[in-house]
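Novice: The structure file input18.txt (compact mmCIF, C-alpha atoms) is provided below.
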```txt
# COMPACT_ATOMS: atom_id res chain seq x y z
CA MET A 23 147.52 123.84 256.42
CA LYS A 24 145.69 126.36 258.61
CA VAL A 25 147.13 129.86 258.70
CA ILE A 26 146.64 133.14 260.54
CA VAL A 27 147.71 136.10 258.45
CA ASP A 28 148.04 139.82 258.98
CA LEU A 29 147.61 141.69 255.71
CA CYS A 30 148.37 145.34 254.91
CA VAL A 31 147.94 146.36 251.27
CA VAL A 32 149.37 149.77 250.30
CA PRO A 33 148.52 151.18 246.87
CA ILE A 34 151.20 153.55 245.52
CA GLY A 35 150.67 156.30 242.98
CA VAL A 36 147.02 157.02 243.82
CA GLY A 37 147.37 159.83 246.34
CA VAL A 38 147.21 159.83 250.11
CA SER A 39 143.70 158.43 250.61
CA VAL A 40 143.84 154.67 250.38
CA GLY A 41 140.72 153.76 252.34
CA GLN A 42 138.65 152.76 249.31
CA TYR A 43 141.33 150.26 248.27
CA VAL A 44 141.40 148.77 251.74
CA ALA A 45 137.60 148.57 251.70
CA GLN A 46 137.69 146.65 248.42
CA CYS A 47 140.15 144.18 249.96
CA GLN A 48 137.67 143.67 252.80
CA LYS A 49 135.09 142.86 250.17
CA VAL A 50 137.40 140.29 248.59
CA LEU A 51 137.82 138.57 251.94
CA GLN A 52 134.06 138.63 252.50
CA GLU A 53 133.32 137.24 249.03
CA MET A 54 135.68 134.36 249.73
CA GLY A 55 133.97 133.55 253.00
CA LEU A 56 137.10 134.04 255.07
CA LYS A 57 137.16 134.99 258.74
CA TYR A 58 138.79 138.40 259.06
CA GLN A 59 139.10 141.36 261.39
CA LEU A 60 140.13 144.86 260.36
CA HIS A 61 142.43 146.79 262.70
CA ALA A 62 144.08 150.19 262.45
CA TYR A 63 147.13 148.94 260.50
CA GLY A 64 145.95 145.91 258.56
CA THR A 65 143.56 142.98 258.64
CA ASN A 66 143.85 139.66 260.47
CA ILE A 67 142.69 136.69 258.38
CA GLU A 68 142.19 133.08 259.40
CA GLY A 69 141.72 130.12 257.08
CA ASP A 70 143.26 127.45 254.92
CA TRP A 71 146.62 128.45 253.41
CA ASP A 72 145.46 128.23 249.80
CA ASP A 73 142.23 130.15 250.38
CA VAL A 74 143.98 132.93 252.25
CA PHE A 75 146.70 133.37 249.65
CA THR A 76 144.18 133.22 246.80
CA ALA A 77 142.47 136.10 248.58
CA VAL A 78 145.71 138.04 248.89
CA LYS A 79 146.32 137.65 245.16
CA ARG A 80 142.77 138.78 244.38
CA CYS A 81 143.33 141.86 246.54
CA HIS A 82 146.33 142.79 244.40
CA GLU A 83 144.35 142.16 241.21
CA ARG A 84 141.40 144.19 242.46
CA VAL A 85 143.52 147.14 243.60
CA HIS A 86 145.35 147.22 240.27
CA GLU A 87 141.98 147.09 238.45
CA MET A 88 140.89 150.09 240.52
CA GLY A 89 143.77 152.01 238.97
CA ALA A 90 146.70 151.64 241.34
CA PRO A 91 149.84 151.18 239.20
CA ARG A 92 151.95 149.89 242.09
CA ILE A 93 151.25 148.04 245.33
CA THR A 94 153.45 147.16 248.27
CA THR A 95 151.94 144.74 250.75
CA SER A 96 153.14 143.51 254.14
CA ILE A 97 152.04 140.08 255.29
CA LYS A 98 152.71 138.20 258.51
CA VAL A 99 151.99 134.48 258.29
CA GLY A 100 151.65 132.15 261.27
CA THR A 101 151.39 128.36 261.09
CA ARG A 102 151.72 125.77 263.82
CA THR A 103 151.66 121.99 263.95
CA ASP A 104 151.48 121.59 267.73
CA ARG A 105 147.86 122.65 268.03
CA GLU A 106 145.02 124.61 266.44
CA GLN A 107 144.69 128.21 267.51
CA SER A 108 142.18 130.80 266.30
CA MET A 109 142.68 134.55 266.09
CA GLN A 110 140.37 135.03 269.06
CA GLU A 111 142.26 132.45 271.13
CA LYS A 112 145.50 134.36 270.56
CA ILE A 113 143.93 137.54 271.90
CA ASP A 114 142.19 135.75 274.79
CA SER A 115 145.44 134.09 275.79
CA VAL A 116 147.24 137.41 276.23
CA ASN A 117 144.28 139.06 277.93
CA GLY A 118 143.95 136.09 280.27
CA LEU A 119 147.57 136.44 281.35
CA LEU A 120 147.03 140.16 281.90
CA SER A 121 143.91 139.75 284.02
CA THR A 122 145.33 137.07 286.32
CA GLY A 123 148.69 138.78 286.33
CA SER A 124 150.23 135.76 288.00
CA ASP A 125 152.96 135.33 285.45
CA LEU A 126 153.50 138.98 284.93
CA GLU A 127 155.04 140.23 288.14
CA MET B 201 151.48 138.67 237.56
CA LYS B 202 155.15 139.31 238.25
CA VAL B 203 156.12 139.88 241.88
CA ILE B 204 159.13 140.90 243.95
CA VAL B 205 158.97 139.50 247.44
CA ASP B 206 161.02 139.85 250.60
CA LEU B 207 160.71 136.72 252.73
CA CYS B 208 161.78 136.18 256.35
CA VAL B 209 160.83 132.82 257.87
CA VAL B 210 161.22 132.53 261.67
CA PRO B 211 160.87 129.07 263.26
CA ILE B 212 159.66 129.21 266.88
CA GLY B 213 160.26 126.58 269.51
CA VAL B 214 163.55 125.26 268.13
CA GLY B 215 166.07 127.34 270.06
CA VAL B 216 168.03 130.43 269.07
CA SER B 217 169.93 129.04 266.07
CA VAL B 218 167.69 129.21 263.05
CA GLY B 219 170.32 129.23 260.29
CA GLN B 220 169.68 125.67 259.16
CA TYR B 221 165.98 126.42 258.62
CA VAL B 222 166.82 129.49 256.58
CA ALA B 223 169.30 127.42 254.56
CA GLN B 224 166.59 124.88 253.77
CA CYS B 225 164.34 127.67 252.55
CA GLN B 226 167.15 128.77 250.23
CA LYS B 227 167.19 125.22 248.90
CA VAL B 228 163.44 125.33 248.26
CA LEU B 229 163.88 128.51 246.22
CA GLN B 230 166.76 126.94 244.31
CA GLU B 231 164.80 123.75 243.62
CA MET B 232 161.97 125.83 242.20
CA GLY B 233 164.32 127.71 239.89
CA LEU B 234 163.45 131.10 241.33
CA LYS B 235 165.74 134.13 241.25
CA TYR B 236 166.62 135.03 244.84
CA GLN B 237 169.16 136.93 246.92
CA LEU B 238 169.83 136.34 250.62
CA HIS B 239 170.45 139.40 252.80
CA ALA B 240 171.03 139.83 256.51
CA TYR B 241 167.32 139.94 257.43
CA GLY B 242 165.53 137.93 254.75
CA THR B 243 165.62 136.90 251.13
CA ASN B 244 164.53 138.83 248.05
CA ILE B 245 162.70 136.70 245.49
CA GLU B 246 161.59 137.56 241.97
CA GLY B 247 159.18 135.60 239.80
CA ASP B 248 155.62 134.81 238.85
CA TRP B 249 153.13 135.30 241.71
CA ASP B 250 152.00 131.66 241.82
CA ASP B 251 155.55 130.25 241.70
CA VAL B 252 156.77 132.55 244.44
CA PHE B 253 153.86 131.80 246.77
CA THR B 254 154.11 128.08 246.09
CA ALA B 255 157.71 128.41 247.23
CA VAL B 256 156.69 130.28 250.37
CA LYS B 257 154.24 127.49 251.23
CA ARG B 258 156.90 124.84 250.64
CA CYS B 259 159.23 126.73 252.97
CA HIS B 260 156.62 126.48 255.74
CA GLU B 261 156.08 122.78 255.00
CA ARG B 262 159.82 122.08 254.95
CA VAL B 263 160.52 123.96 258.18
CA HIS B 264 157.66 122.15 259.95
CA GLU B 265 159.01 118.81 258.61
CA MET B 266 162.39 119.71 260.12
CA GLY B 267 160.68 119.83 263.51
CA ALA B 268 159.65 123.42 264.06
CA PRO B 269 156.22 123.37 265.73
CA ARG B 270 155.49 127.01 264.99
CA ILE B 271 156.55 129.49 262.31
CA THR B 272 156.01 133.23 261.96
CA THR B 273 156.95 134.69 258.60
CA SER B 274 157.16 138.25 257.35
CA ILE B 275 156.60 138.90 253.66
CA LYS B 276 156.71 142.09 251.65
CA VAL B 277 155.08 141.80 248.23
CA GLY B 278 155.53 144.29 245.39
CA THR B 279 153.57 144.31 242.13
CA ARG B 280 153.27 146.97 239.47
CA THR B 281 151.35 147.34 236.23
CA ASP B 282 153.09 150.46 234.92
CA ARG B 283 156.30 148.65 233.96
CA GLU B 284 158.51 145.64 234.59
CA GLN B 285 161.23 146.09 237.19
CA SER B 286 163.73 143.51 238.41
CA MET B 287 165.31 143.31 241.85
CA GLN B 288 168.61 144.52 240.40
CA GLU B 289 166.97 147.47 238.67
CA LYS B 290 165.48 148.59 242.00
CA ILE B 291 168.95 148.62 243.57
CA ASP B 292 170.57 150.24 240.52
CA SER B 293 167.93 152.96 240.48
CA VAL B 294 168.72 154.05 244.05
CA ASN B 295 172.47 153.74 243.57
CA GLY B 296 172.23 155.76 240.35
CA LEU B 297 170.49 158.59 242.17
CA LEU B 298 173.13 158.46 244.89
CA SER B 299 176.10 158.59 242.50
CA THR B 300 174.81 161.48 240.41
CA GLY B 301 173.44 163.19 243.48
CA SER B 302 171.62 165.67 241.30
CA ASP B 303 168.23 164.96 242.82
CA LEU B 304 169.52 164.57 246.31
CA GLU B 305 170.57 168.05 247.33
CA MET C 382 171.84 147.43 273.06
CA LYS C 383 173.12 146.35 269.65
CA VAL C 384 170.49 145.93 266.94
CA ILE C 385 170.18 144.67 263.37
CA VAL C 386 167.34 146.32 261.53
CA ASP C 387 165.71 145.95 258.14
CA LEU C 388 164.14 149.23 257.04
CA CYS C 389 161.72 149.88 254.18
CA VAL C 390 160.37 153.44 253.92
CA VAL C 391 157.42 153.94 251.55
CA PRO C 392 156.34 157.52 250.75
CA ILE C 393 152.63 157.79 249.84
CA GLY C 394 151.04 160.49 247.72
CA VAL C 395 154.11 161.30 245.61
CA GLY C 396 153.55 159.05 242.61
CA VAL C 397 155.01 155.68 241.70
CA SER C 398 158.70 156.58 241.63
CA VAL C 399 160.06 156.49 245.12
CA GLY C 400 163.77 155.94 244.39
CA GLN C 401 164.83 159.48 245.26
CA TYR C 402 163.25 159.16 248.72
CA VAL C 403 165.02 155.87 249.32
CA ALA C 404 168.27 157.46 248.17
CA GLN C 405 167.84 160.28 250.68
CA CYS C 406 167.35 157.72 253.45
CA GLN C 407 170.64 156.10 252.41
CA LYS C 408 172.23 159.52 252.82
CA VAL C 409 170.78 159.84 256.33
CA LEU C 410 172.34 156.50 257.28
CA GLN C 411 175.66 157.55 255.77
CA GLU C 412 175.62 160.90 257.56
CA MET C 413 175.07 159.10 260.85
CA GLY C 414 178.01 156.79 260.25
CA LEU C 415 175.91 153.64 260.44
CA LYS C 416 176.76 150.36 258.75
CA TYR C 417 174.08 149.61 256.15
CA GLN C 418 173.42 147.57 253.05
CA LEU C 419 170.74 148.30 250.47
CA HIS C 420 168.85 145.36 248.99
CA ALA C 421 165.95 145.11 246.56
CA TYR C 422 163.23 145.56 249.19
CA GLY C 423 164.80 147.58 251.98
CA THR C 424 168.04 148.33 253.78
CA ASN C 425 169.82 146.33 256.48
CA ILE C 426 171.28 148.50 259.23
CA GLU C 427 173.56 147.54 262.11
CA GLY C 428 174.36 149.64 265.16
CA ASP C 429 173.41 150.79 268.61
CA TRP C 430 169.62 150.83 269.23
CA ASP C 431 169.42 154.58 269.85
CA ASP C 432 171.55 155.52 266.84
CA VAL C 433 169.59 153.29 264.49
CA PHE C 434 166.20 154.56 265.64
CA THR C 435 167.38 158.17 265.54
CA ALA C 436 168.26 157.46 261.91
CA VAL C 437 164.83 155.96 261.24
CA LYS C 438 163.17 159.08 262.64
CA ARG C 439 165.41 161.33 260.55
CA CYS C 440 164.44 159.33 257.46
CA HIS C 441 160.78 160.09 258.15
CA GLU C 442 161.58 163.77 258.74
CA ARG C 443 163.67 163.99 255.58
CA VAL C 444 161.07 162.27 253.39
CA HIS C 445 158.32 164.56 254.71
CA GLU C 446 160.57 167.58 254.07
CA MET C 447 160.96 166.37 250.47
CA GLY C 448 157.20 166.72 250.12
CA ALA C 449 155.71 163.32 250.93
CA PRO C 450 152.53 163.93 252.94
CA ARG C 451 152.32 160.36 254.19
CA ILE C 452 154.81 157.58 254.91
CA THR C 453 154.35 153.94 255.82
CA THR C 454 157.49 152.15 256.93
CA SER C 455 158.20 148.50 257.68
CA ILE C 456 160.93 147.67 260.16
CA LYS C 457 162.28 144.35 261.37
CA VAL C 458 164.34 144.60 264.54
CA GLY C 459 166.64 141.89 265.86
CA THR C 460 168.35 141.89 269.25
CA ARG C 461 170.12 139.10 271.12
CA THR C 462 171.78 138.75 274.48
CA ASP C 463 173.42 135.37 273.94
CA ARG C 464 176.13 136.67 271.63
CA GLU C 465 177.15 139.41 269.21
CA GLN C 466 176.32 138.81 265.58
CA SER C 467 176.93 141.12 262.63
CA MET C 468 174.88 141.36 259.44
CA GLN C 469 177.68 139.65 257.53
CA GLU C 470 177.88 136.81 260.06
CA LYS C 471 174.17 136.13 259.60
CA ILE C 472 174.65 135.78 255.84
CA ASP C 473 177.87 133.74 256.22
CA SER C 474 176.15 131.38 258.65
CA VAL C 475 173.44 130.44 256.16
CA ASN C 476 175.85 130.24 253.23
CA GLY C 477 178.18 128.05 255.28
CA LEU C 478 175.36 125.60 255.98
CA LEU C 479 174.48 125.58 252.29
CA SER C 480 178.02 124.90 251.08
CA THR C 481 178.74 122.06 253.49
CA GLY C 482 175.20 120.78 253.12
CA SER C 483 175.76 118.38 255.97
CA ASP C 484 172.77 119.53 257.94
CA LEU C 485 170.60 120.03 254.93
CA GLU C 486 169.90 116.54 253.66
CA MET D 733 155.74 163.91 265.25
CA LYS D 734 152.63 161.80 265.81
CA VAL D 735 152.86 158.16 264.81
CA ILE D 736 150.64 155.10 264.47
CA VAL D 737 152.59 151.89 264.90
CA ASP D 738 151.83 148.21 264.58
CA LEU D 739 154.13 146.18 266.83
CA CYS D 740 154.74 142.43 266.87
CA VAL D 741 157.46 141.21 269.25
CA VAL D 742 158.59 137.58 268.80
CA PRO D 743 160.86 136.06 271.45
CA ILE D 744 163.09 133.28 270.09
CA GLY D 745 164.60 130.46 272.07
CA VAL D 746 161.90 130.27 274.75
CA GLY D 747 159.61 127.62 273.32
CA VAL D 748 156.33 127.91 271.43
CA SER D 749 154.27 129.76 274.03
CA VAL D 750 155.01 133.43 273.77
CA GLY D 751 151.82 134.87 275.29
CA GLN D 752 153.41 135.90 278.57
CA TYR D 753 156.03 137.98 276.71
CA VAL D 754 153.35 139.69 274.67
CA ALA D 755 151.40 140.36 277.88
CA GLN D 756 154.45 142.04 279.42
CA CYS D 757 154.76 144.26 276.37
CA GLN D 758 151.12 145.28 276.88
CA LYS D 759 152.10 146.23 280.43
CA VAL D 760 154.96 148.36 279.15
CA LEU D 761 152.57 150.26 276.88
CA GLN D 762 150.13 150.69 279.74
CA GLU D 763 152.85 151.92 282.12
CA MET D 764 153.86 154.53 279.55
CA GLY D 765 150.30 155.77 279.20
CA LEU D 766 150.13 155.04 275.48
CA LYS D 767 146.94 154.35 273.56
CA TYR D 768 147.08 150.80 272.23
CA GLN D 769 144.91 148.00 270.94
CA LEU D 770 145.90 144.32 270.86
CA HIS D 771 144.88 142.28 267.82
CA ALA D 772 145.53 138.69 266.79
CA TYR D 773 148.92 139.40 265.19
CA GLY D 774 150.31 142.43 266.97
CA THR D 775 149.39 145.63 268.76
CA ASN D 776 148.41 149.01 267.32
CA ILE D 777 149.93 151.95 269.20
CA GLU D 778 149.26 155.65 268.82
CA GLY D 779 151.35 158.47 270.24
CA ASP D 780 154.31 160.77 269.94
CA TRP D 781 157.21 159.23 267.96
CA ASP D 782 159.69 159.36 270.85
CA ASP D 783 157.26 157.92 273.39
CA VAL D 784 156.26 155.06 271.12
CA PHE D 785 159.82 154.10 270.25
CA THR D 786 160.91 154.37 273.88
CA ALA D 787 158.14 151.86 274.58
CA VAL D 788 159.35 149.55 271.80
CA LYS D 789 162.86 149.61 273.27
CA ARG D 790 161.51 148.87 276.75
CA CYS D 791 159.59 145.92 275.34
CA HIS D 792 162.85 144.46 274.02
CA GLU D 793 164.58 145.12 277.35
CA ARG D 794 161.70 143.57 279.33
CA VAL D 795 161.49 140.47 277.12
CA HIS D 796 165.26 139.92 277.36
CA GLU D 797 165.04 140.36 281.17
CA MET D 798 162.36 137.65 281.20
CA GLY D 799 164.92 135.29 279.73
CA ALA D 800 164.50 135.45 275.97
CA PRO D 801 167.99 135.34 274.43
CA ARG D 802 166.83 136.55 271.05
CA ILE D 803 163.99 138.73 269.77
CA THR D 804 162.77 139.52 266.27
CA THR D 805 160.21 142.28 266.04
CA SER D 806 158.12 143.57 263.14
CA ILE D 807 157.01 147.19 263.20
CA LYS D 808 154.89 149.18 260.80
CA VAL D 809 155.17 152.94 261.26
CA GLY D 810 152.79 155.50 259.79
CA THR D 811 153.27 159.27 259.83
CA ARG D 812 151.48 161.99 257.91
CA THR D 813 151.81 165.75 257.63
CA ASP D 814 148.59 166.44 255.72
CA ARG D 815 146.31 165.86 258.70
CA GLU D 816 145.91 164.17 262.08
CA GLN D 817 144.37 160.71 262.04
CA SER D 818 143.75 158.41 264.98
CA MET D 819 143.71 154.60 264.94
CA GLN D 820 139.93 154.64 265.34
CA GLU D 821 139.50 157.09 262.46
CA LYS D 822 141.46 154.75 260.17
CA ILE D 823 139.09 151.90 261.01
CA ASP D 824 135.98 154.10 260.81
CA SER D 825 137.05 155.40 257.40
CA VAL D 826 137.20 151.90 255.89
CA ASN D 827 134.01 150.76 257.60
CA GLY D 828 132.22 153.90 256.42
CA LEU D 829 133.17 153.18 252.81
CA LEU D 830 131.96 149.61 253.24
CA SER D 831 128.57 150.54 254.70
CA THR D 832 127.74 153.19 252.09
CA GLY D 833 129.27 151.06 249.38
CA SER D 834 128.99 153.93 246.95
CA ASP D 835 132.66 153.90 246.07
CA LEU D 836 132.93 150.17 246.09
CA GLU D 837 130.94 149.08 243.11
```
Can the structure from this file be put into structure tokens for me?
Specialist:
Amino acid sequence: MKVIVDLCVVPIGVGVSVGQYVAQCQKVLQEMGLKYQLHAYGTNIEGDWDDVFTAVKRCHERVHEMGAPRITTSIKVGTRTDREQSMQEKIDSVNGLLSTGSDLE
Amino acid sequence: MKVIVDLCVVPIGVGVSVGQYVAQCQKVLQEMGLKYQLHAYGTNIEGDWDDVFTAVKRCHERVHEMGAPRITTSIKVGTRTDREQSMQEKIDSVNGLLSTGSDLE
Amino acid sequence: MKVIVDLCVVPIGVGVSVGQYVAQCQKVLQEMGLKYQLHAYGTNIEGDWDDVFTAVKRCHERVHEMGAPRITTSIKVGTRTDREQSMQEKIDSVNGLLSTGSDLE
Amino acid sequence: MKVIVDLCVVPIGVGVSVGQYVAQCQKVLQEMGLKYQLHAYGTNIEGDWDDVFTAVKRCHERVHEMGAPRITTSIKVGTRTDREQSMQEKIDSVNGLLSTGSDLE
């Protein structure tokens, strides 16, 4: 099952600067060969369900290993059986509607 | 790794009434022997990481099998290495602070 | 516009114990006379859109006043125009389907 | 109070194609003069708390006006009192850590 995920890992109990933990999670995704895109409030990930959720678990393990005693993570998970759709196609679809504007007025 | 999860599965493309899909997800959790508690905007689940995420995957599979062509799910995931904490202890902790009130003024 | 919200306020940079901040948010909801229900990973709130979001803002203000330099909050927001539905009705609807089981097999 | 928000509006009961509703929400943000960035699973928004949440409410109103009888929205909300931080700075901070790599090994 193909999945598009939005992942936001928040380490708790390590102060206000959490960038290095987020960076390590990016490395986990890279090591696993997943397609991903960082944004200002999380990371979009695209891949097979099991691979993506293995990566999410590794992120938690890695962030705990780095010293964070507590983590709270938000995940959005999208699956569909009607057709394949990539992360880029989702963005293009909205932008396409905006540029033609035909359905928007 | 022990995890507390909040799960909210939203089937898309099946009309406005989604209760029967949510009910089936409750059944998945029950079948897997997980501890869970339904609330008005999701379900709290407590258990081992792998068991809980296997259940989440089965929920997606089940809801697709029921005919939903698209699903978007929100998950919150909490892990901690400093100590064990159950769902009930989280609630009791906040309610305890509220009833004594000593830290609240 | 009537809204059902699920609110989870996470103070960052104040250590691992966040119960007292959550308790203060419960007090904000109580002070504003909103209907709410704490669960293990957030709080369900029911009310008018403007009242509920005024409460959410006050929670952020209160938690910052308590000393948290950074907050990340997750909110789920449900609105519907087809009919009124309370938090309790959402729960009863799923439990009703589970007890009759007629739609579940 | 300055806020960075991640917004994901999901219309329910209008079929599987929700792109046109998302596009209208982009228009709302544009009309209000907010800084925003679409990604594959939501939209990052940056601005004053009241402006951003006025926009979120207008998105719900607009999507209902377009015919969606039910909406479920996920919002992440970040505020901080220790310093100002823009959406781009959050991304640059993580990418900077990744390129130097000094903190990552």
Novice: Any idea what's packed within 7 Å of A:Asp70, counting only C-alpha atoms, ignoring anything in its chain fewer than 6 positions away? Could you give it as a PyMOL selection string?
Specialist: chain A and resi 23-25
Novice: Name all residues at most 12 Å from A:Asn66 (count all atoms listed in the file; drop same-chain ones fewer than 3 positions away) and give them as a PyMOL selection string.
Specialist: (chain A and resi 25-30+48+51+56-63+69+74+78+96-100+108-110+112-113) or (chain D and resi 770-775)
Novice: Rank nothing, just name the residue among B:Gln224, B:Asp282, B:Pro269, B:Val294 nearest to chain D, using all atoms listed in the file.
Specialist: B:Pro269
Novice: Go through chain A and flag each residue having an atom no more than 7 Å from chain C; for those, report the closest pair of atoms plus their distance in Å to one decimal, using only C-alpha atoms, ordered by chain and rising number, as JSON lines.
Specialist:
```
{"residue": "A:Ile34", "atom": "CA", "partner": "C:Val397", "partner_atom": "CA", "distance": 5.8}
{"residue": "A:Gly35", "atom": "CA", "partner": "C:Gly396", "partner_atom": "CA", "distance": 4.0}
{"residue": "A:Val36", "atom": "CA", "partner": "C:Gly394", "partner_atom": "CA", "distance": 6.6}
{"residue": "A:Gly37", "atom": "CA", "partner": "C:Gly394", "partner_atom": "CA", "distance": 4.0}
{"residue": "A:Val38", "atom": "CA", "partner": "C:Gly394", "partner_atom": "CA", "distance": 4.6}
{"residue": "A:Arg92", "atom": "CA", "partner": "C:Val397", "partner_atom": "CA", "distance": 6.6}
```
Novice: With all Cα atoms paired residue by residue, do a least-squares superposition of chain A on chain B and hand back the transformed coordinates as a tab-separated table (two decimals) with C-alpha atoms, in the frame of the given file.
Specialist:
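The resulting file, superposed.tsv, is reproduced below:
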```tsv
chain	number	residue	atom	x	y	z
A	23	MET	CA	151.48	138.64	237.56
A	24	LYS	CA	155.17	139.29	238.25
A	25	VAL	CA	156.12	139.88	241.87
A	26	ILE	CA	159.13	140.91	243.93
A	27	VAL	CA	158.97	139.51	247.44
A	28	ASP	CA	161.01	139.84	250.59
A	29	LEU	CA	160.71	136.73	252.73
A	30	CYS	CA	161.77	136.19	256.35
A	31	VAL	CA	160.83	132.83	257.87
A	32	VAL	CA	161.22	132.53	261.66
A	33	PRO	CA	160.88	129.09	263.25
A	34	ILE	CA	159.66	129.22	266.87
A	35	GLY	CA	160.27	126.60	269.52
A	36	VAL	CA	163.56	125.27	268.14
A	37	GLY	CA	166.08	127.36	270.06
A	38	VAL	CA	168.04	130.43	269.08
A	39	SER	CA	169.93	129.06	266.07
A	40	VAL	CA	167.69	129.23	263.04
A	41	GLY	CA	170.29	129.25	260.28
A	42	GLN	CA	169.68	125.67	259.15
A	43	TYR	CA	165.99	126.44	258.62
A	44	VAL	CA	166.83	129.50	256.57
A	45	ALA	CA	169.31	127.43	254.55
A	46	GLN	CA	166.60	124.88	253.77
A	47	CYS	CA	164.34	127.69	252.54
A	48	GLN	CA	167.15	128.76	250.22
A	49	LYS	CA	167.19	125.23	248.90
A	50	VAL	CA	163.44	125.35	248.26
A	51	LEU	CA	163.87	128.52	246.22
A	52	GLN	CA	166.75	126.95	244.29
A	53	GLU	CA	164.80	123.75	243.60
A	54	MET	CA	161.98	125.83	242.17
A	55	GLY	CA	164.31	127.71	239.87
A	56	LEU	CA	163.45	131.10	241.32
A	57	LYS	CA	165.73	134.13	241.27
A	58	TYR	CA	166.61	135.02	244.85
A	59	GLN	CA	169.14	136.91	246.92
A	60	LEU	CA	169.82	136.34	250.61
A	61	HIS	CA	170.44	139.39	252.79
A	62	ALA	CA	171.02	139.81	256.51
A	63	TYR	CA	167.31	139.93	257.42
A	64	GLY	CA	165.52	137.89	254.77
A	65	THR	CA	165.62	136.89	251.13
A	66	ASN	CA	164.52	138.84	248.05
A	67	ILE	CA	162.69	136.69	245.49
A	68	GLU	CA	161.58	137.55	241.97
A	69	GLY	CA	159.16	135.58	239.82
A	70	ASP	CA	155.61	134.81	238.85
A	71	TRP	CA	153.11	135.28	241.70
A	72	ASP	CA	152.01	131.65	241.81
A	73	ASP	CA	155.54	130.24	241.70
A	74	VAL	CA	156.77	132.54	244.44
A	75	PHE	CA	153.87	131.80	246.76
A	76	THR	CA	154.11	128.06	246.09
A	77	ALA	CA	157.71	128.40	247.23
A	78	VAL	CA	156.69	130.27	250.37
A	79	LYS	CA	154.24	127.50	251.24
A	80	ARG	CA	156.89	124.84	250.63
A	81	CYS	CA	159.23	126.72	252.97
A	82	HIS	CA	156.63	126.48	255.73
A	83	GLU	CA	156.08	122.78	255.00
A	84	ARG	CA	159.81	122.08	254.96
A	85	VAL	CA	160.51	123.95	258.19
A	86	HIS	CA	157.67	122.15	259.96
A	87	GLU	CA	159.01	118.81	258.63
A	88	MET	CA	162.39	119.72	260.12
A	89	GLY	CA	160.70	119.84	263.51
A	90	ALA	CA	159.66	123.43	264.07
A	91	PRO	CA	156.21	123.37	265.73
A	92	ARG	CA	155.49	127.03	264.99
A	93	ILE	CA	156.56	129.51	262.32
A	94	THR	CA	156.02	133.23	261.96
A	95	THR	CA	156.97	134.68	258.60
A	96	SER	CA	157.14	138.26	257.34
A	97	ILE	CA	156.61	138.89	253.65
A	98	LYS	CA	156.71	142.10	251.64
A	99	VAL	CA	155.09	141.81	248.22
A	100	GLY	CA	155.52	144.30	245.38
A	101	THR	CA	153.57	144.30	242.12
A	102	ARG	CA	153.28	146.96	239.46
A	103	THR	CA	151.34	147.33	236.23
A	104	ASP	CA	153.11	150.43	234.90
A	105	ARG	CA	156.30	148.64	233.95
A	106	GLU	CA	158.52	145.63	234.58
A	107	GLN	CA	161.22	146.07	237.18
A	108	SER	CA	163.74	143.50	238.41
A	109	MET	CA	165.32	143.31	241.84
A	110	GLN	CA	168.61	144.51	240.40
A	111	GLU	CA	166.94	147.46	238.67
A	112	LYS	CA	165.48	148.59	242.00
A	113	ILE	CA	168.93	148.62	243.57
A	114	ASP	CA	170.57	150.24	240.53
A	115	SER	CA	167.94	152.96	240.49
A	116	VAL	CA	168.72	154.05	244.05
A	117	ASN	CA	172.47	153.75	243.57
A	118	GLY	CA	172.24	155.76	240.36
A	119	LEU	CA	170.48	158.59	242.17
A	120	LEU	CA	173.13	158.47	244.89
A	121	SER	CA	176.08	158.60	242.51
A	122	THR	CA	174.79	161.50	240.41
A	123	GLY	CA	173.42	163.19	243.49
A	124	SER	CA	171.56	165.65	241.31
A	125	ASP	CA	168.21	165.02	242.90
A	126	LEU	CA	169.56	164.60	246.35
A	127	GLU	CA	170.75	168.03	247.38
```
Novice: Distance atom CA of D:Val741-atom CA of D:Arg812, one decimal place?
Specialist: 24.4 Å
Novice: In Å, how far is it from atom CA of C:Met413 to atom CA of C:Asp432?
Specialist: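 Between atom CA of C:Met413 and atom CA of C:Asp432 the gap is 7.8 Å.
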Novice: Report, in Å to a single decimal, how far apart atom CA of C:Arg439 and atom CA of D:Thr786 are.
Specialist: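 Atom-to-atom, atom CA of D:Thr786 and atom CA of C:Arg439 are spaced 15.7 Å apart.
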